[in-house]
$ cat structure_6.cif   # mmCIF, C-alpha atoms
data_protein
#
loop_
_atom_site.group_PDB
_atom_site.id
_atom_site.type_symbol
_atom_site.label_atom_id
_atom_site.label_comp_id
_atom_site.auth_asym_id
_atom_site.auth_seq_id
_atom_site.Cartn_x
_atom_site.Cartn_y
_atom_site.Cartn_z
ATOM 1 C CA MET P 1 132.147 225.371 213.768
ATOM 2 C CA GLN P 2 133.567 222.429 215.660
ATOM 3 C CA ARG P 3 133.236 218.910 214.297
ATOM 4 C CA THR P 4 130.873 217.785 217.072
ATOM 5 C CA ASP P 5 128.701 220.865 216.544
ATOM 6 C CA TRP P 6 128.560 220.100 212.842
ATOM 7 C CA ILE P 7 127.542 216.482 213.484
ATOM 8 C CA GLU P 8 124.869 217.528 215.981
ATOM 9 C CA ASP P 9 123.556 220.149 213.567
ATOM 10 C CA PHE P 10 123.550 217.607 210.746
ATOM 11 C CA GLN P 11 121.633 215.088 212.881
ATOM 12 C CA LYS P 12 119.153 217.777 213.946
ATOM 13 C CA ASN P 13 118.541 218.780 210.331
ATOM 14 C CA ILE P 14 118.062 215.175 209.271
ATOM 15 C CA SER P 15 115.684 214.563 212.194
ATOM 16 C CA GLU P 16 113.651 217.620 211.227
ATOM 17 C CA LEU P 17 113.553 216.464 207.627
ATOM 18 C CA ILE P 18 112.361 213.021 208.670
ATOM 19 C CA ALA P 19 109.731 214.505 210.984
ATOM 20 C CA LYS P 20 108.269 216.445 208.051
ATOM 21 C CA THR P 21 107.981 213.361 205.827
ATOM 22 C CA PRO P 22 105.645 210.471 206.541
ATOM 23 C CA ALA P 23 107.827 207.789 204.946
ATOM 24 C CA ALA P 24 109.692 205.610 207.477
ATOM 25 C CA ASP P 25 111.881 204.142 204.774
ATOM 26 C CA ILE P 26 113.497 207.550 204.247
ATOM 27 C CA GLU P 27 114.727 207.374 207.823
ATOM 28 C CA ARG P 28 116.143 203.904 207.233
ATOM 29 C CA ASN P 29 117.863 205.071 204.059
ATOM 30 C CA VAL P 30 119.366 208.119 205.750
ATOM 31 C CA LYS P 31 120.598 206.018 208.662
ATOM 32 C CA ALA P 32 122.162 203.551 206.238
ATOM 33 C CA MET P 33 123.788 206.405 204.319
ATOM 34 C CA MET P 34 125.145 207.956 207.529
ATOM 35 C CA THR P 35 126.442 204.614 208.764
ATOM 36 C CA GLN P 36 128.211 204.027 205.475
ATOM 37 C CA THR P 37 129.656 207.554 205.460
ATOM 38 C CA PHE P 38 130.874 207.337 209.059
ATOM 39 C CA SER P 39 132.430 203.938 208.436
ATOM 40 C CA ARG P 40 134.557 205.523 205.702
ATOM 41 C CA LEU P 41 135.763 208.248 208.074
ATOM 42 C CA ASP P 42 137.909 205.774 210.041
ATOM 43 C CA LEU P 43 136.248 206.660 213.355
ATOM 44 C CA VAL P 44 136.412 204.671 216.585
ATOM 45 C CA THR P 45 133.775 204.288 219.242
ATOM 46 C CA ARG P 46 134.164 205.955 222.627
ATOM 47 C CA GLU P 47 134.548 202.496 224.170
ATOM 48 C CA GLU P 48 137.407 201.600 221.803
ATOM 49 C CA PHE P 49 139.078 204.941 222.519
ATOM 50 C CA ASP P 50 138.781 204.496 226.289
ATOM 51 C CA ILE P 51 140.224 200.977 226.084
ATOM 52 C CA GLN P 52 143.202 202.191 224.077
ATOM 53 C CA ALA P 53 143.745 205.070 226.520
ATOM 54 C CA GLN P 54 143.857 202.548 229.396
ATOM 55 C CA VAL P 55 146.298 200.342 227.486
ATOM 56 C CA LEU P 56 148.504 203.373 226.867
ATOM 57 C CA GLU P 57 148.409 204.369 230.550
ATOM 58 C CA ARG P 58 149.465 200.860 231.597
ATOM 59 C CA ALA P 59 152.242 200.814 228.997
ATOM 60 C CA LEU P 60 153.563 204.193 230.154
ATOM 61 C CA ALA P 61 153.523 203.047 233.789
ATOM 62 C CA ARG P 62 155.392 199.871 232.833
ATOM 63 C CA ILE P 63 157.962 201.894 230.867
ATOM 64 C CA ALA P 64 158.535 204.123 233.898
ATOM 65 C CA GLN P 65 159.067 201.040 236.088
ATOM 66 C CA LEU P 66 161.509 199.546 233.598
ATOM 67 C CA GLU P 67 163.430 202.836 233.343
ATOM 68 C CA GLN P 68 163.838 202.879 237.125
ATOM 69 C CA ARG P 69 164.956 199.264 237.092
ATOM 70 C CA VAL P 70 167.545 199.939 234.368
ATOM 71 C CA GLN P 71 168.867 202.930 236.318
ATOM 72 C CA ALA P 72 169.152 200.784 239.458
ATOM 73 C CA LEU P 73 171.010 198.094 237.534
ATOM 74 C CA GLU P 74 173.322 200.618 235.879
ATOM 75 C CA GLN P 75 174.137 202.417 239.147
ATOM 76 C CA PRO P 76 176.308 199.654 240.697
ATOM 77 C CA ALA P 77 178.097 199.186 237.355
ATOM 78 C CA SER P 78 179.091 202.871 237.230
ATOM 79 C CA ASP P 79 180.078 202.798 240.927
ATOM 80 C CA THR P 80 182.326 199.769 240.311
ATOM 81 C CA SER P 81 184.034 201.292 237.253
ATOM 82 C CA SER P 82 184.754 204.580 239.037
ATOM 83 C CA ALA P 83 186.115 202.728 242.097
ATOM 84 C CA SER P 84 188.606 200.756 239.983
ATOM 85 C CA ASN P 85 190.091 203.968 238.463
#

$ encode --input "structure_6.cif" --output "structure tokens"
Amino acid sequence: MQRTDWIEDFQKNISELIAKTPAADIERNVKAMMTQTFSRLDLVTREEFDIQAQVLERALARIAQLEQRVQALEQPASDTSSASN
């Protein structure tokens, strides 16, 4: 069972449990318990993940540009050293 399937199944079971009980405070308690449990799991939101993915993409593009620039700067230096031999 995949992690997302397990979470969905867990939420479904909790929702069914809440639907069978008339007490609204049980729902609040379960939500608080789930929030506390998920906060301990060191999870990130989808928004945070997407932002970090964009930052990584920009960093990788910048690294590629810098690698090309270094190669261009090194090229004349290697041409000059081979010409003097």

$ axis_aligned_box --input "structure_6.cif" --around "region 50-57 of chain P" --padding-each-side "6 Å" --output "lines of an AutoDock Vina configuration file"
center_x = 143.6
center_y = 202.7
center_z = 227.3
size_x = 21.7
size_y = 16.7
size_z = 18.5

$ closest_residue --input "structure_6.cif" --among "P:Pro76, P:Glu57, P:Arg46, P:Lys31" --to "Ser15 (chain P)" --atoms "all atoms listed in the file"
P:Lys31

$ atom_distance --input "structure_6.cif" --atom1 "CA of Ser39 (chain P)" --atom2 "CA of Ala19 (chain P)"
25.2 Å

$ atom_distance --input "structure_6.cif" --atom1 "CA of Lys12 (chain P)" --atom2 "CA of Val44 (chain P)"
21.8 Å

$ atom_distance --input "structure_6.cif" --atom1 "CA of Ile7 (chain P)" --atom2 "CA of Met34 (chain P)"
10.7 Å
